[in-house]
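Pasted below: entry25.pdb, PDB, C-alpha atoms.
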```
ATOM      1  CA  MET U   1       6.642   3.856 -14.336  1.00  0.00           C
ATOM      2  CA  THR U   2       8.511   5.241 -11.330  1.00  0.00           C
ATOM      3  CA  LEU U   3       6.374   5.344  -8.235  1.00  0.00           C
ATOM      4  CA  HIS U   4       7.302   7.718  -5.422  1.00  0.00           C
ATOM      5  CA  THR U   5       6.109   7.400  -1.841  1.00  0.00           C
ATOM      6  CA  ILE U   6       5.344  10.288   0.487  1.00  0.00           C
ATOM      7  CA  SER U   7       4.315   9.950   4.125  1.00  0.00           C
ATOM      8  CA  VAL U   8       2.276  12.764   5.643  1.00  0.00           C
ATOM      9  CA  LEU U   9       1.589  13.065   9.381  1.00  0.00           C
ATOM     10  CA  VAL U  10      -1.627  15.037   9.852  1.00  0.00           C
ATOM     11  CA  GLU U  11      -3.844  16.128  12.711  1.00  0.00           C
ATOM     12  CA  ASN U  12      -6.797  13.776  12.846  1.00  0.00           C
ATOM     13  CA  LYS U  13      -9.423  16.439  12.144  1.00  0.00           C
ATOM     14  CA  PHE U  14     -12.476  16.737   9.938  1.00  0.00           C
ATOM     15  CA  GLY U  15     -11.679  17.723   6.343  1.00  0.00           C
ATOM     16  CA  VAL U  16      -7.916  17.029   6.359  1.00  0.00           C
ATOM     17  CA  LEU U  17      -8.179  14.091   3.944  1.00  0.00           C
ATOM     18  CA  THR U  18     -10.341  16.204   1.636  1.00  0.00           C
ATOM     19  CA  ARG U  19      -7.792  19.041   1.630  1.00  0.00           C
ATOM     20  CA  VAL U  20      -4.894  16.703   0.873  1.00  0.00           C
ATOM     21  CA  ALA U  21      -6.786  14.871  -1.875  1.00  0.00           C
ATOM     22  CA  GLY U  22      -7.950  18.242  -3.224  1.00  0.00           C
ATOM     23  CA  LEU U  23      -4.333  19.376  -3.529  1.00  0.00           C
ATOM     24  CA  PHE U  24      -3.702  16.447  -5.873  1.00  0.00           C
ATOM     25  CA  SER U  25      -6.921  16.602  -7.887  1.00  0.00           C
ATOM     26  CA  GLY U  26      -6.874  20.397  -8.211  1.00  0.00           C
ATOM     27  CA  ARG U  27      -3.467  20.281  -9.876  1.00  0.00           C
ATOM     28  CA  GLY U  28      -4.086  17.185 -11.987  1.00  0.00           C
ATOM     29  CA  TYR U  29      -1.752  14.874 -10.061  1.00  0.00           C
ATOM     30  CA  ASN U  30      -2.720  11.222 -10.021  1.00  0.00           C
ATOM     31  CA  ILE U  31      -2.626   9.259  -6.765  1.00  0.00           C
ATOM     32  CA  HIS U  32      -1.557   5.672  -7.424  1.00  0.00           C
ATOM     33  CA  SER U  33      -2.475   4.562  -3.881  1.00  0.00           C
ATOM     34  CA  LEU U  34      -3.522   6.236  -0.655  1.00  0.00           C
ATOM     35  CA  ASN U  35      -3.486   4.686   2.787  1.00  0.00           C
ATOM     36  CA  VAL U  36      -4.663   6.526   5.903  1.00  0.00           C
ATOM     37  CA  ALA U  37      -4.667   5.203   9.474  1.00  0.00           C
ATOM     38  CA  PRO U  38      -4.079   6.409  13.029  1.00  0.00           C
ATOM     39  CA  SER U  39      -0.413   6.924  13.876  1.00  0.00           C
ATOM     40  CA  HIS U  40       1.606   6.203  16.995  1.00  0.00           C
ATOM     41  CA  ARG U  41       0.681   9.693  18.265  1.00  0.00           C
ATOM     42  CA  GLN U  42      -2.767  10.195  19.765  1.00  0.00           C
ATOM     43  CA  GLY U  43      -4.890  12.524  17.619  1.00  0.00           C
ATOM     44  CA  PHE U  44      -2.741  12.133  14.502  1.00  0.00           C
ATOM     45  CA  SER U  45      -3.007  10.005  11.368  1.00  0.00           C
ATOM     46  CA  ARG U  46      -0.392   8.926   8.876  1.00  0.00           C
ATOM     47  CA  MET U  47      -1.169   9.188   5.173  1.00  0.00           C
ATOM     48  CA  THR U  48       0.990   7.166   2.810  1.00  0.00           C
ATOM     49  CA  ILE U  49       0.605   8.498  -0.721  1.00  0.00           C
ATOM     50  CA  VAL U  50       2.101   6.876  -3.798  1.00  0.00           C
ATOM     51  CA  VAL U  51       2.315   8.979  -6.965  1.00  0.00           C
ATOM     52  CA  ASP U  52       3.718   8.562 -10.450  1.00  0.00           C
ATOM     53  CA  GLU U  53       5.238  11.987 -11.108  1.00  0.00           C
ATOM     54  CA  GLN U  54       8.505  13.476 -12.319  1.00  0.00           C
ATOM     55  CA  GLU U  55      11.088  14.708  -9.779  1.00  0.00           C
ATOM     56  CA  GLU U  56      10.256  18.386 -10.290  1.00  0.00           C
ATOM     57  CA  THR U  57       6.523  17.784  -9.850  1.00  0.00           C
ATOM     58  CA  LEU U  58       7.169  15.621  -6.783  1.00  0.00           C
ATOM     59  CA  ASN U  59       9.233  18.429  -5.221  1.00  0.00           C
ATOM     60  CA  GLN U  60       6.323  20.817  -5.845  1.00  0.00           C
ATOM     61  CA  ILE U  61       3.835  18.375  -4.276  1.00  0.00           C
ATOM     62  CA  ILE U  62       5.961  18.123  -1.132  1.00  0.00           C
ATOM     63  CA  LYS U  63       6.236  21.911  -0.839  1.00  0.00           C
ATOM     64  CA  GLN U  64       2.474  22.283  -1.235  1.00  0.00           C
ATOM     65  CA  LEU U  65       1.753  19.550   1.313  1.00  0.00           C
ATOM     66  CA  ASN U  66       3.976  21.299   3.863  1.00  0.00           C
ATOM     67  CA  LYS U  67       1.884  24.467   3.457  1.00  0.00           C
ATOM     68  CA  LEU U  68      -1.443  22.777   4.249  1.00  0.00           C
ATOM     69  CA  ILE U  69      -3.113  23.435   7.589  1.00  0.00           C
ATOM     70  CA  ASN U  70      -3.100  20.363   9.855  1.00  0.00           C
ATOM     71  CA  VAL U  71      -0.043  18.846   8.122  1.00  0.00           C
ATOM     72  CA  VAL U  72       2.590  18.226  10.783  1.00  0.00           C
ATOM     73  CA  ASP U  73       5.341  16.400   8.877  1.00  0.00           C
ATOM     74  CA  VAL U  74       6.079  15.213   5.343  1.00  0.00           C
ATOM     75  CA  ILE U  75       8.574  12.426   4.675  1.00  0.00           C
ATOM     76  CA  ASP U  76       9.985  12.042   1.172  1.00  0.00           C
ATOM     77  CA  PHE U  77      11.092   8.441   0.764  1.00  0.00           C
ATOM     78  CA  ARG U  78      13.486   9.200  -2.094  1.00  0.00           C
ATOM     79  CA  GLN U  79      16.197   9.823   0.482  1.00  0.00           C
ATOM     80  CA  GLY U  80      17.444   6.972   2.638  1.00  0.00           C
ATOM     81  CA  GLU U  81      16.444   3.344   2.826  1.00  0.00           C
ATOM     82  CA  THR U  82      12.827   2.410   3.331  1.00  0.00           C
ATOM     83  CA  VAL U  83      10.780  -0.685   4.157  1.00  0.00           C
ATOM     84  CA  TYR U  84       7.736  -0.988   1.869  1.00  0.00           C
ATOM     85  CA  ARG U  85       4.844  -3.405   2.319  1.00  0.00           C
ATOM     86  CA  GLU U  86       1.351  -3.991   1.012  1.00  0.00           C
ATOM     87  CA  ILE U  87      -1.379  -6.403   2.030  1.00  0.00           C
ATOM     88  CA  VAL U  88      -3.749  -8.196  -0.310  1.00  0.00           C
ATOM     89  CA  LEU U  89      -6.922 -10.090   0.516  1.00  0.00           C
ATOM     90  CA  LEU U  90      -8.415 -12.223  -2.202  1.00  0.00           C
ATOM     91  CA  ARG U  91     -11.200 -14.749  -2.575  1.00  0.00           C
ATOM     92  CA  VAL U  92     -10.638 -17.672  -4.912  1.00  0.00           C
ATOM     93  CA  GLY U  93     -13.233 -20.181  -6.062  1.00  0.00           C
ATOM     94  CA  VAL U  94     -11.994 -23.732  -5.531  1.00  0.00           C
ATOM     95  CA  THR U  95     -12.916 -27.237  -6.540  1.00  0.00           C
ATOM     96  CA  ARG U  96     -12.053 -30.514  -4.854  1.00  0.00           C
ATOM     97  CA  GLU U  97      -9.405 -31.023  -7.545  1.00  0.00           C
ATOM     98  CA  ASN U  98      -7.611 -27.642  -7.412  1.00  0.00           C
ATOM     99  CA  ARG U  99      -7.881 -26.889  -3.677  1.00  0.00           C
ATOM    100  CA  PRO U 100      -4.544 -28.664  -2.881  1.00  0.00           C
ATOM    101  CA  GLU U 101      -2.764 -26.766  -5.681  1.00  0.00           C
ATOM    102  CA  ILE U 102      -3.984 -23.427  -4.360  1.00  0.00           C
ATOM    103  CA  ILE U 103      -3.012 -24.338  -0.790  1.00  0.00           C
ATOM    104  CA  ASP U 104       0.466 -25.354  -2.050  1.00  0.00           C
ATOM    105  CA  LEU U 105       0.824 -22.024  -3.877  1.00  0.00           C
ATOM    106  CA  CYS U 106      -0.134 -20.214  -0.656  1.00  0.00           C
ATOM    107  CA  ASN U 107       2.478 -22.194   1.275  1.00  0.00           C
ATOM    108  CA  VAL U 108       5.235 -21.346  -1.244  1.00  0.00           C
ATOM    109  CA  PHE U 109       4.466 -17.607  -0.874  1.00  0.00           C
ATOM    110  CA  HIS U 110       3.764 -17.753   2.888  1.00  0.00           C
ATOM    111  CA  ALA U 111       0.212 -16.564   2.252  1.00  0.00           C
ATOM    112  CA  ARG U 112      -2.387 -17.336   4.901  1.00  0.00           C
ATOM    113  CA  ILE U 113      -5.808 -18.818   4.330  1.00  0.00           C
ATOM    114  CA  VAL U 114      -8.002 -16.714   6.616  1.00  0.00           C
ATOM    115  CA  ASP U 115     -11.401 -18.160   5.677  1.00  0.00           C
ATOM    116  CA  ALA U 116     -12.631 -21.234   3.851  1.00  0.00           C
ATOM    117  CA  THR U 117     -15.866 -22.691   2.559  1.00  0.00           C
ATOM    118  CA  ARG U 118     -16.485 -25.694   0.328  1.00  0.00           C
ATOM    119  CA  GLU U 119     -16.395 -23.397  -2.713  1.00  0.00           C
ATOM    120  CA  THR U 120     -13.920 -20.626  -1.757  1.00  0.00           C
ATOM    121  CA  LEU U 121     -10.694 -19.767   0.015  1.00  0.00           C
ATOM    122  CA  THR U 122      -9.997 -16.263   1.313  1.00  0.00           C
ATOM    123  CA  ILE U 123      -6.259 -15.612   1.235  1.00  0.00           C
ATOM    124  CA  GLU U 124      -4.141 -12.933   2.902  1.00  0.00           C
ATOM    125  CA  ILE U 125      -0.655 -12.125   1.664  1.00  0.00           C
ATOM    126  CA  SER U 126       1.654  -9.258   2.528  1.00  0.00           C
ATOM    127  CA  GLY U 127       5.027  -8.175   1.282  1.00  0.00           C
ATOM    128  CA  GLY U 128       6.783  -6.126  -1.323  1.00  0.00           C
ATOM    129  CA  GLU U 129       5.258  -5.301  -4.690  1.00  0.00           C
ATOM    130  CA  PHE U 130       7.419  -7.766  -6.669  1.00  0.00           C
ATOM    131  CA  ARG U 131       6.491 -10.731  -4.449  1.00  0.00           C
ATOM    132  CA  LEU U 132       2.812  -9.824  -4.473  1.00  0.00           C
ATOM    133  CA  GLY U 133       2.895  -9.382  -8.230  1.00  0.00           C
ATOM    134  CA  ARG U 134       4.354 -12.866  -8.729  1.00  0.00           C
ATOM    135  CA  PHE U 135       1.733 -14.414  -6.438  1.00  0.00           C
ATOM    136  CA  LEU U 136      -1.139 -12.567  -8.131  1.00  0.00           C
ATOM    137  CA  THR U 137       0.119 -13.614 -11.578  1.00  0.00           C
ATOM    138  CA  LEU U 138       0.161 -17.284 -10.568  1.00  0.00           C
ATOM    139  CA  ILE U 139      -3.172 -17.232  -8.728  1.00  0.00           C
ATOM    140  CA  GLN U 140      -4.873 -15.805 -11.849  1.00  0.00           C
ATOM    141  CA  ASP U 141      -4.835 -19.359 -13.257  1.00  0.00           C
ATOM    142  CA  TYR U 142      -7.665 -20.071 -10.807  1.00  0.00           C
ATOM    143  CA  ASP U 143     -11.115 -18.578 -10.231  1.00  0.00           C
ATOM    144  CA  VAL U 144     -10.181 -15.267  -8.559  1.00  0.00           C
ATOM    145  CA  GLN U 145     -13.494 -13.732  -7.517  1.00  0.00           C
ATOM    146  CA  MET U 146     -12.370 -10.608  -5.680  1.00  0.00           C
ATOM    147  CA  ILE U 147      -9.164  -8.769  -4.765  1.00  0.00           C
ATOM    148  CA  ALA U 148      -8.716  -5.980  -2.204  1.00  0.00           C
ATOM    149  CA  ARG U 149      -5.327  -4.259  -1.864  1.00  0.00           C
ATOM    150  CA  SER U 150      -4.207  -1.924   0.892  1.00  0.00           C
ATOM    151  CA  GLY U 151      -1.858   0.152  -1.218  1.00  0.00           C
ATOM    152  CA  ARG U 152       1.753   0.693  -0.236  1.00  0.00           C
ATOM    153  CA  ILE U 153       2.714   1.542   3.313  1.00  0.00           C
ATOM    154  CA  ALA U 154       6.242   2.563   4.220  1.00  0.00           C
ATOM    155  CA  ILE U 155       8.548   3.405   7.076  1.00  0.00           C
ATOM    156  CA  PRO U 156      12.119   4.679   6.874  1.00  0.00           C
ATOM    157  CA  LYS U 157      14.913   2.458   8.116  1.00  0.00           C
ATOM    158  CA  PRO U 158      16.821   3.949  11.063  1.00  0.00           C
ATOM    159  CA  LEU U 159      20.126   5.582  10.280  1.00  0.00           C
ATOM    160  CA  GLN U 160      23.112   3.419  11.109  1.00  0.00           C
ATOM    161  CA  GLN U 161      25.179   4.627  14.050  1.00  0.00           C
ATOM    162  CA  SER U 162      28.924   4.599  13.435  1.00  0.00           C
TER     163      SER U 162
END
```
Would you mind writing the structure in this file as structure tokens?
Amino acid sequence: MTLHTISVLVENKFGVLTRVAGLFSGRGYNIHSLNVAPSHRQGFSRMTIVVDEQEETLNQIIKQLNKLINVVDVIDFRQGETVYREIVLLRVGVTRENRPEIIDLCNVFHARIVDATRETLTIEISGGEFRLGRFLTLIQDYDVQMIARSGRIAIPKPLQQS
């Protein structure tokens, strides 16, 4: 599976998310992940959309996004270098015996324990998909009760000045 990331800067207005999502659903494109949040510009939001589509279909998606009202800019992350990250929150049931093991695993992956009770630990970890995948594979040996993932976010690296 080849995932492609698109960043869309949109005016923060009623119905914009619906129009963008409708573009995908109306044409049968599947969204792998979608992240929307305010951008650095007042009144604008940044949508980071991850899709699993062929090159030709991806080109068509980008053209159609550029035609939508309230879309200001579309960044195709196939060109240039990009920094990708995702954040995961998870709650793990713990016992007196396995609590130290889980804390050690968190330390190895630089995950943070953001809440704790006698029976659970809530863990936050961020990073690239490979790192998160390794952590989630190892933590599955324990009582994982809930996982929430942000989906991929991305930003292009600046061009190097010569």
Give me the region 24-143 of chain U side of the contact with region 11-17 of chain U, cut-off 10 Å, one line per residue showing its nearest atom pair and distance in Å at one decimal, counting all atoms listed in the file, sorted by chain and residue number, as JSON lines.
```
{"residue": "U:Val36", "atom": "CA", "partner": "U:Leu17", "partner_atom": "CA", "distance": 8.6}
{"residue": "U:Ala37", "atom": "CA", "partner": "U:Asn12", "partner_atom": "CA", "distance": 9.5}
{"residue": "U:Pro38", "atom": "CA", "partner": "U:Asn12", "partner_atom": "CA", "distance": 7.9}
{"residue": "U:Ser39", "atom": "CA", "partner": "U:Asn12", "partner_atom": "CA", "distance": 9.4}
{"residue": "U:Arg41", "atom": "CA", "partner": "U:Glu11", "partner_atom": "CA", "distance": 9.6}
{"residue": "U:Gln42", "atom": "CA", "partner": "U:Asn12", "partner_atom": "CA", "distance": 8.8}
{"residue": "U:Gly43", "atom": "CA", "partner": "U:Asn12", "partner_atom": "CA", "distance": 5.3}
{"residue": "U:Phe44", "atom": "CA", "partner": "U:Glu11", "partner_atom": "CA", "distance": 4.5}
{"residue": "U:Ser45", "atom": "CA", "partner": "U:Asn12", "partner_atom": "CA", "distance": 5.5}
{"residue": "U:Arg46", "atom": "CA", "partner": "U:Glu11", "partner_atom": "CA", "distance": 8.9}
{"residue": "U:Met47", "atom": "CA", "partner": "U:Leu17", "partner_atom": "CA", "distance": 8.6}
{"residue": "U:Leu68", "atom": "CA", "partner": "U:Val16", "partner_atom": "CA", "distance": 8.9}
{"residue": "U:Ile69", "atom": "CA", "partner": "U:Val16", "partner_atom": "CA", "distance": 8.1}
{"residue": "U:Asn70", "atom": "CA", "partner": "U:Glu11", "partner_atom": "CA", "distance": 5.2}
{"residue": "U:Val71", "atom": "CA", "partner": "U:Glu11", "partner_atom": "CA", "distance": 6.5}
{"residue": "U:Val72", "atom": "CA", "partner": "U:Glu11", "partner_atom": "CA", "distance": 7.0}
{"residue": "U:Asp73", "atom": "CA", "partner": "U:Glu11", "partner_atom": "CA", "distance": 10.0}
```
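For region 143-156 of chain U, the non-local neighbours within 8 Å, defined as residues at least 6 positions apart in the same chain or in other chains and counting all atoms listed in the file, are Thr5, Ser7, Ser33, Leu34, Asn35, Thr48, Ile49, Val50, Phe77, Gly80, Glu81, Thr82, Val83, Tyr84, Arg85, Glu86, Ile87, Val88, Leu89, Leu90, Arg91, Val92, Gly93 and Val94 of chain U.
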Nearest-residue call for Arg78 (chain U), choices U:Thr122, U:Gly128, U:Leu3, U:Asp104, using only C-alpha atoms: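 Of U:Thr122, U:Gly128, U:Leu3, U:Asp104, the one nearest Arg78 (chain U), counting only C-alpha atoms, is U:Leu3.
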Taking 4 positions as the minimum chain separation for residues in the same chain, which residues sit within 12 Å of Asn66 (chain U) when counting all atoms listed in the file? Answer as a PyMOL selection string. chain U and resi 6-10+20+23+59-62+70-76
Fewer than 6 positions away in the same chain doesn't count, so skip those; otherwise give me all residues within 12 Å of Phe109 (chain U), counting all atoms listed in the file, as a compact mmCIF listing (two decimals) with C-alpha atoms, in the frame of the given file.
```
# COMPACT_ATOMS: atom_id res chain seq x y z
CA ILE U 102 -3.98 -23.43 -4.36
CA ILE U 103 -3.01 -24.34 -0.79
CA ILE U 123 -6.26 -15.61 1.24
CA GLU U 124 -4.14 -12.93 2.90
CA ILE U 125 -0.66 -12.12 1.66
CA SER U 126 1.65 -9.26 2.53
CA GLY U 127 5.03 -8.18 1.28
CA GLY U 128 6.78 -6.13 -1.32
CA PHE U 130 7.42 -7.77 -6.67
CA ARG U 131 6.49 -10.73 -4.45
CA LEU U 132 2.81 -9.82 -4.47
CA GLY U 133 2.90 -9.38 -8.23
CA ARG U 134 4.35 -12.87 -8.73
CA PHE U 135 1.73 -14.41 -6.44
CA LEU U 136 -1.14 -12.57 -8.13
CA LEU U 138 0.16 -17.28 -10.57
CA ILE U 139 -3.17 -17.23 -8.73
```
